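Colleague: model_17.txt is the file, holding compact mmCIF, N, CA and C atoms:
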# COMPACT_ATOMS: atom_id res chain seq x y z
N MET A 1 112.18 119.10 48.76
CA MET A 1 112.16 119.93 49.95
C MET A 1 113.12 121.09 49.75
N HIS A 2 112.63 122.24 50.02
CA HIS A 2 113.48 123.41 49.90
C HIS A 2 113.50 124.12 51.25
N LEU A 3 114.67 124.21 51.83
CA LEU A 3 114.85 124.95 53.07
C LEU A 3 115.16 126.40 52.74
N SER A 4 114.56 127.28 53.49
CA SER A 4 114.88 128.69 53.28
C SER A 4 116.27 128.97 53.82
N SER A 5 116.82 130.09 53.41
CA SER A 5 118.18 130.42 53.85
C SER A 5 118.23 130.65 55.37
N GLU A 6 117.13 131.14 55.95
CA GLU A 6 117.10 131.33 57.40
C GLU A 6 117.14 129.98 58.12
N GLU A 7 116.40 128.99 57.58
CA GLU A 7 116.41 127.67 58.20
C GLU A 7 117.78 127.01 58.09
N LYS A 8 118.44 127.20 56.95
CA LYS A 8 119.78 126.65 56.79
C LYS A 8 120.77 127.33 57.73
N LYS A 9 120.66 128.65 57.87
CA LYS A 9 121.55 129.35 58.79
C LYS A 9 121.34 128.87 60.22
N GLU A 10 120.10 128.57 60.57
CA GLU A 10 119.81 128.07 61.91
C GLU A 10 120.46 126.70 62.12
N VAL A 11 120.38 125.83 61.11
CA VAL A 11 121.01 124.51 61.20
C VAL A 11 122.52 124.65 61.30
N PHE A 12 123.10 125.53 60.49
CA PHE A 12 124.54 125.72 60.51
C PHE A 12 124.99 126.33 61.83
N ALA A 13 124.20 127.22 62.40
CA ALA A 13 124.56 127.82 63.69
C ALA A 13 124.47 126.78 64.81
N THR A 14 123.51 125.88 64.71
CA THR A 14 123.34 124.87 65.76
C THR A 14 124.43 123.82 65.72
N TYR A 15 124.77 123.35 64.52
CA TYR A 15 125.69 122.22 64.41
C TYR A 15 127.09 122.61 63.94
N GLY A 16 127.23 123.74 63.29
CA GLY A 16 128.54 124.18 62.82
C GLY A 16 129.16 125.16 63.79
N ALA A 17 130.24 125.77 63.36
CA ALA A 17 130.93 126.74 64.21
C ALA A 17 130.18 128.08 64.24
N SER A 18 129.56 128.45 63.12
CA SER A 18 128.78 129.68 63.06
C SER A 18 127.67 129.49 62.04
N ASN A 19 126.86 130.55 61.83
CA ASN A 19 125.76 130.40 60.88
C ASN A 19 126.23 130.46 59.43
N THR A 20 127.49 130.78 59.20
CA THR A 20 128.03 130.75 57.84
C THR A 20 128.96 129.56 57.61
N ASP A 21 129.04 128.67 58.58
CA ASP A 21 129.90 127.49 58.50
C ASP A 21 129.18 126.40 57.72
N THR A 22 129.26 126.46 56.40
CA THR A 22 128.55 125.50 55.56
C THR A 22 129.41 124.31 55.17
N GLY A 23 130.69 124.36 55.41
CA GLY A 23 131.59 123.33 54.93
C GLY A 23 131.99 122.29 55.94
N SER A 24 131.73 122.52 57.21
CA SER A 24 132.16 121.54 58.21
C SER A 24 131.34 120.26 58.07
N PRO A 25 131.95 119.12 58.34
CA PRO A 25 131.21 117.86 58.22
C PRO A 25 129.98 117.81 59.13
N GLU A 26 130.08 118.40 60.32
CA GLU A 26 128.95 118.37 61.24
C GLU A 26 127.73 119.09 60.67
N SER A 27 127.95 120.26 60.07
CA SER A 27 126.82 121.02 59.51
C SER A 27 126.25 120.32 58.28
N GLN A 28 127.12 119.72 57.47
CA GLN A 28 126.63 119.00 56.30
C GLN A 28 125.85 117.76 56.71
N ILE A 29 126.31 117.06 57.72
CA ILE A 29 125.61 115.87 58.21
C ILE A 29 124.24 116.26 58.75
N ALA A 30 124.17 117.38 59.47
CA ALA A 30 122.89 117.84 60.00
C ALA A 30 121.93 118.19 58.87
N LEU A 31 122.42 118.86 57.84
CA LEU A 31 121.57 119.23 56.71
C LEU A 31 121.09 117.98 55.97
N PHE A 32 121.99 117.02 55.75
CA PHE A 32 121.60 115.77 55.11
C PHE A 32 120.56 115.03 55.95
N SER A 33 120.71 115.07 57.27
CA SER A 33 119.77 114.37 58.14
C SER A 33 118.38 114.96 58.04
N LEU A 34 118.29 116.28 57.92
CA LEU A 34 116.98 116.91 57.74
C LEU A 34 116.36 116.49 56.42
N ARG A 35 117.15 116.47 55.37
CA ARG A 35 116.64 116.08 54.06
C ARG A 35 116.24 114.60 54.06
N ILE A 36 117.00 113.76 54.74
CA ILE A 36 116.68 112.33 54.82
C ILE A 36 115.36 112.13 55.55
N ALA A 37 115.15 112.85 56.64
CA ALA A 37 113.90 112.74 57.38
C ALA A 37 112.71 113.16 56.52
N HIS A 38 112.89 114.22 55.74
CA HIS A 38 111.82 114.69 54.87
C HIS A 38 111.50 113.66 53.78
N LEU A 39 112.53 113.10 53.16
CA LEU A 39 112.31 112.12 52.10
C LEU A 39 111.72 110.83 52.65
N THR A 40 112.08 110.45 53.85
CA THR A 40 111.53 109.26 54.47
C THR A 40 110.04 109.42 54.71
N ALA A 41 109.64 110.59 55.20
CA ALA A 41 108.22 110.86 55.41
C ALA A 41 107.47 110.85 54.07
N HIS A 42 108.08 111.38 53.04
CA HIS A 42 107.47 111.39 51.72
C HIS A 42 107.26 109.96 51.20
N LEU A 43 108.27 109.11 51.41
CA LEU A 43 108.18 107.74 50.91
C LEU A 43 107.18 106.88 51.68
N LYS A 44 106.88 107.25 52.91
CA LYS A 44 105.86 106.52 53.66
C LYS A 44 104.49 106.71 53.03
N GLN A 45 104.26 107.86 52.45
CA GLN A 45 102.98 108.14 51.79
C GLN A 45 103.00 107.71 50.33
N ASN A 46 104.15 107.80 49.66
CA ASN A 46 104.27 107.50 48.23
C ASN A 46 105.28 106.39 48.03
N HIS A 47 104.89 105.17 48.35
CA HIS A 47 105.85 104.07 48.34
C HIS A 47 106.29 103.64 46.94
N LYS A 48 105.61 104.10 45.91
CA LYS A 48 106.00 103.73 44.54
C LYS A 48 106.88 104.78 43.87
N ASP A 49 107.30 105.78 44.60
CA ASP A 49 108.13 106.85 44.06
C ASP A 49 109.59 106.40 44.07
N HIS A 50 110.01 105.74 43.01
CA HIS A 50 111.34 105.15 42.96
C HIS A 50 112.44 106.19 42.80
N THR A 51 112.14 107.30 42.18
CA THR A 51 113.15 108.35 42.03
C THR A 51 113.54 108.93 43.39
N THR A 52 112.55 109.15 44.22
CA THR A 52 112.82 109.65 45.56
C THR A 52 113.55 108.61 46.39
N GLU A 53 113.21 107.35 46.18
CA GLU A 53 113.89 106.27 46.90
C GLU A 53 115.38 106.24 46.55
N ARG A 54 115.68 106.43 45.26
CA ARG A 54 117.08 106.46 44.83
C ARG A 54 117.80 107.67 45.42
N ALA A 55 117.14 108.83 45.42
CA ALA A 55 117.75 110.04 45.99
C ALA A 55 118.00 109.85 47.48
N LEU A 56 117.08 109.19 48.17
CA LEU A 56 117.25 108.94 49.60
C LEU A 56 118.46 108.04 49.84
N LYS A 57 118.62 107.00 49.05
CA LYS A 57 119.77 106.11 49.20
C LYS A 57 121.08 106.84 48.94
N MET A 58 121.08 107.74 47.97
CA MET A 58 122.28 108.51 47.68
C MET A 58 122.63 109.45 48.84
N LEU A 59 121.61 110.09 49.42
CA LEU A 59 121.85 110.98 50.55
C LEU A 59 122.38 110.21 51.77
N VAL A 60 121.81 109.04 52.01
CA VAL A 60 122.28 108.23 53.13
C VAL A 60 123.74 107.84 52.91
N GLY A 61 124.10 107.53 51.67
CA GLY A 61 125.49 107.20 51.35
C GLY A 61 126.43 108.37 51.56
N LYS A 62 126.00 109.57 51.15
CA LYS A 62 126.82 110.77 51.36
C LYS A 62 127.04 111.02 52.84
N ARG A 63 125.95 110.88 53.62
CA ARG A 63 126.07 111.11 55.05
C ARG A 63 126.99 110.07 55.69
N ARG A 64 126.88 108.81 55.23
CA ARG A 64 127.74 107.75 55.76
C ARG A 64 129.20 108.03 55.47
N ARG A 65 129.50 108.52 54.24
CA ARG A 65 130.88 108.83 53.89
C ARG A 65 131.41 109.98 54.74
N LEU A 66 130.59 110.99 55.02
CA LEU A 66 131.03 112.08 55.88
C LEU A 66 131.28 111.59 57.31
N LEU A 67 130.42 110.70 57.79
CA LEU A 67 130.63 110.15 59.13
C LEU A 67 131.90 109.30 59.18
N ASP A 68 132.17 108.54 58.12
CA ASP A 68 133.41 107.77 58.07
C ASP A 68 134.63 108.69 58.05
N TYR A 69 134.52 109.80 57.33
CA TYR A 69 135.60 110.79 57.30
C TYR A 69 135.86 111.33 58.70
N LEU A 70 134.78 111.64 59.43
CA LEU A 70 134.94 112.16 60.79
C LEU A 70 135.58 111.12 61.71
N ILE A 71 135.25 109.85 61.52
CA ILE A 71 135.86 108.81 62.35
C ILE A 71 137.37 108.80 62.14
N LYS A 72 137.79 108.92 60.88
CA LYS A 72 139.23 108.88 60.57
C LYS A 72 139.95 110.13 61.07
N LYS A 73 139.33 111.30 60.93
CA LYS A 73 140.01 112.55 61.25
C LYS A 73 139.95 112.90 62.74
N ASP A 74 138.75 112.79 63.34
CA ASP A 74 138.61 113.20 64.74
C ASP A 74 137.46 112.42 65.36
N ILE A 75 137.79 111.39 66.12
CA ILE A 75 136.79 110.51 66.71
C ILE A 75 135.90 111.24 67.71
N ASN A 76 136.43 112.26 68.38
CA ASN A 76 135.64 113.01 69.36
C ASN A 76 134.53 113.82 68.69
N ARG A 77 134.82 114.40 67.54
CA ARG A 77 133.78 115.13 66.79
C ARG A 77 132.70 114.16 66.30
N TYR A 78 133.12 112.95 65.89
CA TYR A 78 132.16 111.93 65.47
C TYR A 78 131.25 111.55 66.63
N ARG A 79 131.82 111.31 67.78
CA ARG A 79 131.02 110.93 68.95
C ARG A 79 130.07 112.04 69.36
N ALA A 80 130.50 113.29 69.19
CA ALA A 80 129.65 114.42 69.55
C ALA A 80 128.44 114.50 68.62
N ILE A 81 128.64 114.26 67.32
CA ILE A 81 127.52 114.35 66.38
C ILE A 81 126.58 113.16 66.53
N ILE A 82 127.10 111.99 66.89
CA ILE A 82 126.27 110.82 67.13
C ILE A 82 125.44 110.99 68.40
N ALA A 83 125.99 111.69 69.39
CA ALA A 83 125.31 111.87 70.67
C ALA A 83 124.08 112.76 70.55
N LYS A 84 124.01 113.56 69.51
CA LYS A 84 122.85 114.44 69.33
C LYS A 84 121.69 113.62 68.78
N LYS A 85 120.74 113.32 69.63
CA LYS A 85 119.65 112.41 69.28
C LYS A 85 118.66 113.00 68.29
N GLU A 86 118.57 114.32 68.19
CA GLU A 86 117.59 114.92 67.29
C GLU A 86 117.91 114.69 65.81
N LEU A 87 119.16 114.29 65.52
CA LEU A 87 119.51 113.99 64.13
C LEU A 87 119.10 112.58 63.74
N GLY A 88 118.91 111.71 64.72
CA GLY A 88 118.45 110.35 64.43
C GLY A 88 119.51 109.47 63.83
N ILE A 89 120.78 109.70 64.16
CA ILE A 89 121.87 108.89 63.62
C ILE A 89 122.28 107.87 64.67
N ARG A 90 122.38 106.62 64.21
CA ARG A 90 122.87 105.56 65.08
C ARG A 90 124.27 105.17 64.65
N LYS A 91 124.98 104.45 65.51
CA LYS A 91 126.32 104.00 65.19
C LYS A 91 126.29 103.02 64.05
For the file at hand, write its structure as structure tokens.
Modeller:
Amino acid sequence: MHLSSEEKKEVFATYGASNTDTGSPESQIALFSLRIAHLTAHLKQNHKDHTTERALKMLVGKRRRLLDYLIKKDINRYRAIIAKKELGIRK
């Protein structure tokens, strides 16, 4: 999946501080969530694609580590990102 730069800027503007805020955990978590949703849909159709399955597990791990980082640093920011239902993240 390749997101165009306009789509990435839109994600960063929605979840980050600005459309150039690529480093905040919230914007990275949102970007990972989009990629995870795309890979999940791909695996529903291609269940024997083990390379994609491995990439999906790695992305889920990266997102989990960022969420754990947010819990340690600022619990309110973590709760705010979890409250956004469109990302599909559960506790």
Colleague: Using the chain letters and numbers from this document, which residues of range 13-70 of chain A does DSSP assign to alpha helix (DSSP H), as number ranges by chain?
Modeller: A: 13-15, 25-45, 50-70
Colleague: Per residue of range 15-42 of chain A within 6.5 Å of range 54-67 of chain A, record the nearest atom pair and its distance in Å to one decimal, counting all atoms listed in the file, with rows in chain order and ascending residue number, as JSON lines.
Modeller:
{"residue": "A:Pro25", "atom": "CA", "partner": "A:Leu66", "partner_atom": "CA", "distance": 6.2}
{"residue": "A:Ile29", "atom": "CA", "partner": "A:Arg63", "partner_atom": "CA", "distance": 5.7}
{"residue": "A:Phe32", "atom": "CA", "partner": "A:Arg63", "partner_atom": "CA", "distance": 6.5}
{"residue": "A:Ile36", "atom": "CA", "partner": "A:Leu56", "partner_atom": "CA", "distance": 6.3}
{"residue": "A:Leu39", "atom": "CA", "partner": "A:Leu56", "partner_atom": "CA", "distance": 6.4}
Colleague: Rank nothing, just name the residue among A:His42, A:His50, A:Lys9, A:Lys84 nearest to Asp21 in chain A, using only N, CA and C atoms.
Modeller: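 Of A:His42, A:His50, A:Lys9, A:Lys84, the one nearest Asp21 in chain A is A:Lys9, counting only N, CA and C atoms.
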Colleague: Rounded to one decimal, what separation in Å do you get between atom C of His47 in chain A and CA of Arg35 in chain A?
Modeller: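 Atom C of His47 in chain A sits 17.7 Å away from CA of Arg35 in chain A.
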Colleague: Please, what distance in Å, to one decimal, runs between CA of Ser18 in chain A and CA of Lys91 in chain A?
Modeller: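 Going from CA of Ser18 in chain A over to CA of Lys91 in chain A covers 25.9 Å.
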Colleague: Please report the interatomic distance between CA of Ala41 in chain A and atom C of Glu53 in chain A in Å with one decimal.
Modeller: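 Going from CA of Ala41 in chain A over to atom C of Glu53 in chain A covers 12.3 Å.
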Colleague: Can you pull out every residue within 8 Å of range 10-14 of chain A, counting all atoms listed in the file, but drop anything in the same chain fewer than 3 positions away, and send it as a list in words?
Modeller: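 Here the answer would be Ser4, Ser5, Glu6, Glu7, Ala17, Ser18, Asn19, Thr20, Asp21, Thr22, Glu26, Ser27, Gln28, Ala30 and Leu31 of chain A.
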Colleague: Rank A:Ser33, A:Thr40, A:Lys72, A:Leu3 by their smallest atom-to-atom distance to Lys85 in chain A, using only C-alpha atoms, and report the top residue only.
Modeller: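 The closest residue to Lys85 in chain A is A:Ser33.
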